[in-house]
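Worksheet: one structure, shown below.
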Amino acid sequence: MLHCPKCGVSIWGSMRRCPLCQGPLTGTTEEDVYPLLPGEAKPHWLFLRLAGLLTAIALAVCTIVNCCFPAGGWWVQFVAAGLASAWLLIGVALRKRRNPMKAIVWLLAVVLALVLIWDRRTGFNGWSVNFVLPCFIPCMQLAVTATMRALRLRPADYLLYLFLCVAAGFLPLIPLLRGMLWTIYPSAICVGISAIALSALILFRGKALKEEAIRRGHL
């Protein structure tokens, strides 16, 4: 029988990691209690292959056009970067598709990183911190709320992800306090919405949130 020294639980089967903490197991493996299920069909592979072909065609055509008319600069690199960004988002969404809440949080982090990189690489005109960041974060907070309502999830399945999205709503404070913004209204609204959401989360789900943080962090 396998044993997790961190969680103190015994596990039947041939698992390599603890299902609770994902830590290594000690002991000897045994025959799996449950039979192996056949792999699920992946109908999205055809769509991905067609999308990959279209991506290659678009990139090849843009490269040819840019080589024939180079007077405007090598703008094809922006096309390639845009296509790579799109595929990165698709990859994250597909990889985390089994857990919609985790997928939303990952997409939030990746999108914020991408827009900051794009803004910096194009001269840092400030559009990322003035508009995209403070407008996109409340949309993802709304997406988390709508998803948990639609799927009727238990508090343990959404509280931590909701807290991360709410906490991300305070990121606009950084450029706001450093005087990097030319318009403060989107950032102020984003921070205000996040403050209200955080207050409601602590007042109505504070105890459950603390228990979930302890369970996941094994504090």
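Ligands are numbered from 1 in the order shown, residues from 1 within each chain, and chains are lettered A, B, ... in the order they appear in the structure tokens.
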
Might you pull out every residue within 9 Å of A:Val166, with only C-alpha atoms counted and same-chain residues fewer than 3 positions away left off, and present them as a PDB file with N, CA and C atoms, in the first residue's frame?
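To be explicit, this is the file written out as result32.pdb:
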ATOM      1  N   ILE A 137      -9.801  42.969 -16.276  1.00  0.00           N
ATOM      2  CA  ILE A 137      -9.889  42.276 -14.991  1.00  0.00           C
ATOM      3  C   ILE A 137     -11.331  42.181 -14.484  1.00  0.00           C
ATOM      4  N   PRO A 138     -12.131  43.273 -14.473  1.00  0.00           N
ATOM      5  CA  PRO A 138     -13.532  43.114 -14.038  1.00  0.00           C
ATOM      6  C   PRO A 138     -14.322  42.154 -14.919  1.00  0.00           C
ATOM      7  N   GLN A 141     -13.542  38.784 -13.598  1.00  0.00           N
ATOM      8  CA  GLN A 141     -14.251  38.599 -12.324  1.00  0.00           C
ATOM      9  C   GLN A 141     -15.709  38.238 -12.587  1.00  0.00           C
ATOM     10  N   TYR A 161     -10.142  30.705  -6.688  1.00  0.00           N
ATOM     11  CA  TYR A 161     -10.011  31.333  -8.004  1.00  0.00           C
ATOM     12  C   TYR A 161     -10.708  32.696  -8.024  1.00  0.00           C
ATOM     13  N   LEU A 162     -11.847  32.765  -7.350  1.00  0.00           N
ATOM     14  CA  LEU A 162     -12.531  34.053  -7.260  1.00  0.00           C
ATOM     15  C   LEU A 162     -11.679  35.058  -6.490  1.00  0.00           C
ATOM     16  N   PHE A 163     -11.049  34.609  -5.421  1.00  0.00           N
ATOM     17  CA  PHE A 163     -10.184  35.500  -4.642  1.00  0.00           C
ATOM     18  C   PHE A 163      -9.007  35.994  -5.482  1.00  0.00           C
ATOM     19  N   GLY A 169      -7.634  42.653  -9.241  1.00  0.00           N
ATOM     20  CA  GLY A 169      -8.266  43.943  -9.490  1.00  0.00           C
ATOM     21  C   GLY A 169      -7.559  45.110  -8.831  1.00  0.00           C
ATOM     22  N   PHE A 170      -6.628  44.831  -7.925  1.00  0.00           N
ATOM     23  CA  PHE A 170      -5.867  45.904  -7.283  1.00  0.00           C
ATOM     24  C   PHE A 170      -4.551  46.194  -8.001  1.00  0.00           C
ATOM     25  N   ILE A 193     -14.484  48.381  -7.775  1.00  0.00           N
ATOM     26  CA  ILE A 193     -15.242  47.133  -7.913  1.00  0.00           C
ATOM     27  C   ILE A 193     -14.565  46.006  -7.141  1.00  0.00           C
ATOM     28  N   SER A 194     -13.237  45.932  -7.246  1.00  0.00           N
ATOM     29  CA  SER A 194     -12.494  44.866  -6.564  1.00  0.00           C
ATOM     30  C   SER A 194     -12.570  45.024  -5.050  1.00  0.00           C
ATOM     31  N   ALA A 195     -12.550  46.268  -4.566  1.00  0.00           N
ATOM     32  CA  ALA A 195     -12.652  46.493  -3.116  1.00  0.00           C
ATOM     33  C   ALA A 195     -14.008  46.035  -2.593  1.00  0.00           C
ATOM     34  N   ALA A 197     -15.967  43.773  -4.036  1.00  0.00           N
ATOM     35  CA  ALA A 197     -16.013  42.313  -4.164  1.00  0.00           C
ATOM     36  C   ALA A 197     -15.208  41.634  -3.063  1.00  0.00           C
ATOM     37  N   LEU A 198     -14.044  42.197  -2.730  1.00  0.00           N
ATOM     38  CA  LEU A 198     -13.228  41.614  -1.666  1.00  0.00           C
ATOM     39  C   LEU A 198     -13.933  41.723  -0.318  1.00  0.00           C
TER      40      LEU A 198
END

Could you list, as a PDB file with N, CA, C and O atoms, in the first residue's frame, every residue within 9 Å of A:Trp75, counting only C-alpha atoms and ignoring same-chain residues fewer than 5 positions away?
ATOM      1  N   CYS A  62       1.789  36.700 -45.561  1.00  0.00           N
ATOM      2  CA  CYS A  62       2.267  37.981 -45.023  1.00  0.00           C
ATOM      3  C   CYS A  62       3.770  38.131 -45.199  1.00  0.00           C
ATOM      4  O   CYS A  62       4.269  39.231 -45.484  1.00  0.00           O
ATOM      5  N   THR A  63       4.497  37.035 -45.037  1.00  0.00           N
ATOM      6  CA  THR A  63       5.950  37.097 -45.229  1.00  0.00           C
ATOM      7  C   THR A  63       6.298  37.423 -46.674  1.00  0.00           C
ATOM      8  O   THR A  63       7.188  38.250 -46.946  1.00  0.00           O
ATOM      9  N   ASN A  66       5.424  41.060 -47.365  1.00  0.00           N
ATOM     10  CA  ASN A  66       6.371  41.964 -46.708  1.00  0.00           C
ATOM     11  C   ASN A  66       7.724  41.974 -47.410  1.00  0.00           C
ATOM     12  O   ASN A  66       8.384  43.015 -47.506  1.00  0.00           O
ATOM     13  N   PRO A  70       8.971  45.899 -48.826  1.00  0.00           N
ATOM     14  CA  PRO A  70       9.597  46.117 -47.518  1.00  0.00           C
ATOM     15  C   PRO A  70       9.668  47.581 -47.094  1.00  0.00           C
ATOM     16  O   PRO A  70      10.252  47.878 -46.052  1.00  0.00           O
TER      17      PRO A  70
END

Taking 5 positions as the minimum chain separation for residues in the same chain, which residues sit within 12 Å of stretch 120-125 of chain A when counting only C-alpha atoms? Answer as a compact mmCIF listing (two decimals) with N, CA and C atoms, in the first residue's frame.
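Generated output (result_5.txt):
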# COMPACT_ATOMS: atom_id res chain seq x y z
N TRP A 75 6.80 44.49 -40.84
CA TRP A 75 5.61 44.33 -40.02
C TRP A 75 5.19 42.88 -39.84
N GLN A 77 6.73 40.60 -38.47
CA GLN A 77 7.07 40.10 -37.15
C GLN A 77 5.93 40.33 -36.15
N PHE A 78 5.17 41.40 -36.35
CA PHE A 78 4.02 41.64 -35.49
C PHE A 78 2.90 40.64 -35.78
N ALA A 81 4.00 37.47 -34.08
CA ALA A 81 3.82 37.57 -32.63
C ALA A 81 2.35 37.51 -32.24
N ALA A 113 -0.07 39.47 -18.99
CA ALA A 113 1.35 39.44 -19.34
C ALA A 113 1.56 39.80 -20.81
N LEU A 114 0.70 39.28 -21.67
CA LEU A 114 0.85 39.54 -23.11
C LEU A 114 0.64 41.01 -23.46
N VAL A 115 -0.39 41.63 -22.89
CA VAL A 115 -0.65 43.02 -23.24
C VAL A 115 0.46 43.94 -22.74
N ASN A 130 -3.65 51.79 -19.00
CA ASN A 130 -4.72 52.78 -18.95
C ASN A 130 -6.09 52.18 -19.25
N PHE A 131 -6.12 51.20 -20.18
CA PHE A 131 -7.42 50.69 -20.61
C PHE A 131 -7.56 49.17 -20.49
N MET A 180 1.65 56.85 -13.76
CA MET A 180 1.90 56.39 -15.12
C MET A 180 0.67 56.52 -16.02
N LEU A 181 -0.46 56.97 -15.48
CA LEU A 181 -1.70 56.98 -16.24
C LEU A 181 -2.03 58.38 -16.72
N TRP A 182 -2.63 58.45 -17.93
CA TRP A 182 -3.15 59.73 -18.40
C TRP A 182 -4.65 59.83 -18.21

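When atom CA of A:Ile104 is paired with atom CA of A:Pro175, their separation reads 23.8 Å.
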
Could you tell me which of A:Gly52, A:Thr145, A:Pro186, A:Arg154 comes closest to A:Trp127 if we count only C-alpha atoms?
A:Pro186

One-decimal distance in Å that lies between atom CA of A:Gly23 and atom CA of A:Leu151:
29.5 Å

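Around A:Ile184, within 12 Å and counting only C-alpha atoms, the residues found are Gly126, Val129, Asn130, Phe131, Pro134, Cys135, Pro172, Leu173, Ile174, Pro175, Leu176, Leu177, Arg178, Gly179, Met180, Ala188, Ile189, Cys190, Val191 and Gly192 of chain A, once anything fewer than 4 positions away on its own chain is removed.
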
Written selection (all heavy atoms) as a short mmCIF file (atom, residue, chain, number, x, y, z; two decimals), in the first residue's frame:
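Listed below is the output, again_24.cif:
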data_model
loop_
_atom_site.label_atom_id
_atom_site.label_comp_id
_atom_site.auth_asym_id
_atom_site.auth_seq_id
_atom_site.Cartn_x
_atom_site.Cartn_y
_atom_site.Cartn_z
N GLY A 126 1.26 53.09 -23.13
CA GLY A 126 0.43 53.12 -21.94
C GLY A 126 -0.98 52.59 -22.11
O GLY A 126 -1.76 52.60 -21.16
N VAL A 129 -1.94 49.70 -19.47
CA VAL A 129 -2.26 50.02 -18.07
C VAL A 129 -3.39 51.04 -17.95
O VAL A 129 -4.03 51.13 -16.91
CB VAL A 129 -1.00 50.55 -17.35
CG1 VAL A 129 0.04 49.44 -17.23
CG2 VAL A 129 -0.41 51.76 -18.06
N ASN A 130 -3.65 51.79 -19.00
CA ASN A 130 -4.72 52.78 -18.95
C ASN A 130 -6.09 52.18 -19.25
O ASN A 130 -7.09 52.61 -18.67
CB ASN A 130 -4.44 53.91 -19.93
CG ASN A 130 -3.46 54.93 -19.37
OD1 ASN A 130 -3.84 55.87 -18.67
ND2 ASN A 130 -2.18 54.75 -19.68
N PHE A 131 -6.12 51.20 -20.18
CA PHE A 131 -7.42 50.69 -20.61
C PHE A 131 -7.56 49.17 -20.49
O PHE A 131 -8.51 48.68 -19.89
CB PHE A 131 -7.67 51.11 -22.07
CG PHE A 131 -7.72 52.60 -22.26
CD1 PHE A 131 -6.67 53.27 -22.86
CD2 PHE A 131 -8.80 53.34 -21.81
CE1 PHE A 131 -6.70 54.65 -23.02
CE2 PHE A 131 -8.84 54.71 -21.96
CZ PHE A 131 -7.79 55.37 -22.57
N PRO A 134 -7.30 47.59 -16.60
CA PRO A 134 -8.45 47.88 -15.71
C PRO A 134 -9.80 47.48 -16.28
O PRO A 134 -10.77 47.38 -15.52
CB PRO A 134 -8.36 49.39 -15.51
CG PRO A 134 -7.65 49.90 -16.69
CD PRO A 134 -6.67 48.85 -17.07
N CYS A 135 -9.89 47.26 -17.59
CA CYS A 135 -11.17 46.85 -18.18
C CYS A 135 -11.30 45.33 -18.27
O CYS A 135 -12.39 44.78 -18.13
CB CYS A 135 -11.34 47.46 -19.58
SG CYS A 135 -11.49 49.26 -19.58
N PRO A 172 -4.13 47.67 -10.90
CA PRO A 172 -4.08 49.03 -11.44
C PRO A 172 -3.62 50.08 -10.45
O PRO A 172 -3.29 51.21 -10.85
CB PRO A 172 -5.53 49.28 -11.89
CG PRO A 172 -6.08 47.94 -12.19
CD PRO A 172 -5.45 47.04 -11.16
N LEU A 173 -3.59 49.74 -9.16
CA LEU A 173 -3.08 50.70 -8.18
C LEU A 173 -1.60 51.01 -8.40
O LEU A 173 -1.14 52.12 -8.09
CB LEU A 173 -3.27 50.15 -6.76
CG LEU A 173 -4.64 50.32 -6.12
CD1 LEU A 173 -4.68 49.63 -4.77
CD2 LEU A 173 -5.00 51.79 -5.98
N ILE A 174 -0.85 50.05 -8.95
CA ILE A 174 0.59 50.25 -9.14
C ILE A 174 0.87 51.39 -10.11
O ILE A 174 1.55 52.36 -9.76
CB ILE A 174 1.25 48.94 -9.59
CG1 ILE A 174 1.07 47.86 -8.52
CG2 ILE A 174 2.74 49.16 -9.88
CD1 ILE A 174 1.59 46.50 -8.93
N PRO A 175 0.35 51.34 -11.35
CA PRO A 175 0.58 52.48 -12.24
C PRO A 175 -0.14 53.75 -11.80
O PRO A 175 0.32 54.86 -12.07
CB PRO A 175 0.06 51.99 -13.59
CG PRO A 175 -0.93 50.93 -13.26
CD PRO A 175 -0.39 50.26 -12.04
N LEU A 176 -1.26 53.58 -11.07
CA LEU A 176 -2.00 54.76 -10.60
C LEU A 176 -1.19 55.54 -9.57
O LEU A 176 -1.07 56.77 -9.65
CB LEU A 176 -3.33 54.31 -10.01
CG LEU A 176 -4.25 55.42 -9.48
CD1 LEU A 176 -4.67 56.35 -10.60
CD2 LEU A 176 -5.48 54.82 -8.81
N LEU A 177 -0.59 54.82 -8.62
CA LEU A 177 0.20 55.49 -7.58
C LEU A 177 1.53 56.01 -8.11
O LEU A 177 2.10 56.95 -7.55
CB LEU A 177 0.43 54.53 -6.41
CG LEU A 177 -0.83 54.09 -5.65
CD1 LEU A 177 -0.48 53.08 -4.56
CD2 LEU A 177 -1.55 55.29 -5.06
N ARG A 178 2.02 55.40 -9.18
CA ARG A 178 3.31 55.83 -9.75
C ARG A 178 3.14 56.94 -10.79
O ARG A 178 4.12 57.38 -11.37
CB ARG A 178 4.02 54.64 -10.37
CG ARG A 178 4.40 53.56 -9.37
CD ARG A 178 5.23 52.46 -9.99
NE ARG A 178 6.50 52.98 -10.51
CZ ARG A 178 7.40 52.23 -11.13
NH1 ARG A 178 7.16 50.93 -11.31
NH2 ARG A 178 8.53 52.75 -11.57
N GLY A 179 1.91 57.37 -11.00
CA GLY A 179 1.67 58.46 -11.94
C GLY A 179 1.91 58.10 -13.38
O GLY A 179 2.31 58.96 -14.19
N MET A 180 1.65 56.85 -13.76
CA MET A 180 1.90 56.39 -15.12
C MET A 180 0.67 56.52 -16.02
O MET A 180 0.75 56.20 -17.21
CB MET A 180 2.36 54.93 -15.09
CG MET A 180 3.62 54.68 -14.31
SD MET A 180 3.97 52.90 -14.06
CE MET A 180 4.05 52.33 -15.78
N ALA A 188 -9.59 53.51 -11.48
CA ALA A 188 -10.32 53.80 -10.25
C ALA A 188 -11.57 52.94 -10.14
O ALA A 188 -11.90 52.42 -9.06
CB ALA A 188 -10.68 55.28 -10.20
N ILE A 189 -12.27 52.77 -11.25
CA ILE A 189 -13.47 51.93 -11.25
C ILE A 189 -13.11 50.47 -10.97
O ILE A 189 -13.79 49.78 -10.20
CB ILE A 189 -14.22 52.06 -12.58
CG1 ILE A 189 -14.78 53.49 -12.73
CG2 ILE A 189 -15.35 51.04 -12.67
CD1 ILE A 189 -15.38 53.76 -14.09
N CYS A 190 -12.03 50.00 -11.59
CA CYS A 190 -11.59 48.62 -11.39
C CYS A 190 -11.24 48.36 -9.93
O CYS A 190 -11.67 47.36 -9.34
CB CYS A 190 -10.39 48.32 -12.29
SG CYS A 190 -9.70 46.66 -12.08
N VAL A 191 -10.48 49.25 -9.33
CA VAL A 191 -10.09 49.09 -7.93
C VAL A 191 -11.32 49.18 -7.03
O VAL A 191 -11.45 48.42 -6.05
CB VAL A 191 -9.04 50.15 -7.55
CG1 VAL A 191 -8.77 50.11 -6.04
CG2 VAL A 191 -7.76 49.93 -8.33
N GLY A 192 -12.25 50.09 -7.34
CA GLY A 192 -13.46 50.20 -6.53
C GLY A 192 -14.31 48.94 -6.58
O GLY A 192 -14.78 48.46 -5.54
#

Using only C-alpha atoms, which residue out of A:Met140, A:Ala167, A:Ile214, A:Cys67 lies closest to A:Ser199?
A:Ala167

Using only C-alpha atoms, what does the table of stretch 138-193 of chain A residues within 9 Å of stretch 99-102 of chain A look like, with each row giving the shortest atom pair and its distance in Å to one decimal, sorted by chain and ascending number, as a Markdown table?
| residue | atom | partner | partner_atom | distance |
| --- | --- | --- | --- | --- |
| A:Ala143 | CA | A:Met101 | CA | 8.9 |
| A:Val144 | CA | A:Met101 | CA | 6.4 |
| A:Thr147 | CA | A:Met101 | CA | 7.4 |
| A:Met148 | CA | A:Met101 | CA | 7.9 |
| A:Asp157 | CA | A:Met101 | CA | 7.9 |
| A:Tyr158 | CA | A:Met101 | CA | 6.5 |
| A:Tyr161 | CA | A:Met101 | CA | 6.3 |
| A:Leu162 | CA | A:Met101 | CA | 8.1 |

With a distance cut-off of 10 Å and only C-alpha atoms, select the neighbouring residues of A:Arg215, excluding the residue or stretch itself and same-chain residues fewer than 5 positions from it, and output the selection as an mmCIF file with all heavy atoms, in the first residue's frame.
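Heads up, here's the output in selection-v1.cif:
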data_model
loop_
_atom_site.group_PDB
_atom_site.id
_atom_site.type_symbol
_atom_site.label_atom_id
_atom_site.label_comp_id
_atom_site.auth_asym_id
_atom_site.auth_seq_id
_atom_site.Cartn_x
_atom_site.Cartn_y
_atom_site.Cartn_z
ATOM 1 N N LEU A 20 -4.024 14.506 -2.978
ATOM 2 C CA LEU A 20 -4.335 15.702 -2.192
ATOM 3 C C LEU A 20 -3.279 16.784 -2.346
ATOM 4 O O LEU A 20 -3.588 17.926 -2.646
ATOM 5 C CB LEU A 20 -4.483 15.328 -0.706
ATOM 6 C CG LEU A 20 -5.610 14.349 -0.373
ATOM 7 C CD1 LEU A 20 -5.608 14.038 1.113
ATOM 8 C CD2 LEU A 20 -6.961 14.917 -0.790
ATOM 9 N N CYS A 21 -2.011 16.424 -2.123
ATOM 10 C CA CYS A 21 -0.941 17.426 -2.149
ATOM 11 C C CYS A 21 -0.021 17.295 -3.342
ATOM 12 O O CYS A 21 0.892 18.111 -3.504
ATOM 13 C CB CYS A 21 -0.119 17.346 -0.861
ATOM 14 S SG CYS A 21 0.839 15.804 -0.703
ATOM 15 N N ALA A 156 -15.724 25.257 -2.331
ATOM 16 C CA ALA A 156 -14.345 24.779 -2.438
ATOM 17 C C ALA A 156 -13.842 24.771 -3.874
ATOM 18 O O ALA A 156 -12.632 24.780 -4.108
ATOM 19 C CB ALA A 156 -14.231 23.378 -1.845
ATOM 20 N N LEU A 209 -13.151 30.639 2.858
ATOM 21 C CA LEU A 209 -11.956 30.989 2.094
ATOM 22 C C LEU A 209 -10.691 30.637 2.869
ATOM 23 O O LEU A 209 -9.725 30.109 2.304
ATOM 24 C CB LEU A 209 -11.977 32.479 1.754
ATOM 25 C CG LEU A 209 -10.792 33.022 0.951
ATOM 26 C CD1 LEU A 209 -10.696 32.333 -0.395
ATOM 27 C CD2 LEU A 209 -10.920 34.526 0.779
ATOM 28 N N LYS A 210 -10.688 30.905 4.165
ATOM 29 C CA LYS A 210 -9.533 30.571 4.992
ATOM 30 C C LYS A 210 -9.316 29.067 5.045
ATOM 31 O O LYS A 210 -8.180 28.586 4.919
ATOM 32 C CB LYS A 210 -9.740 31.123 6.403
ATOM 33 C CG LYS A 210 -8.586 30.844 7.346
ATOM 34 C CD LYS A 210 -8.859 31.416 8.728
ATOM 35 C CE LYS A 210 -7.709 31.101 9.682
ATOM 36 N NZ LYS A 210 -7.961 31.650 11.043
#

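Between atom CA of A:Arg152 and atom CA of A:Leu164 the separation is 19.3 Å.
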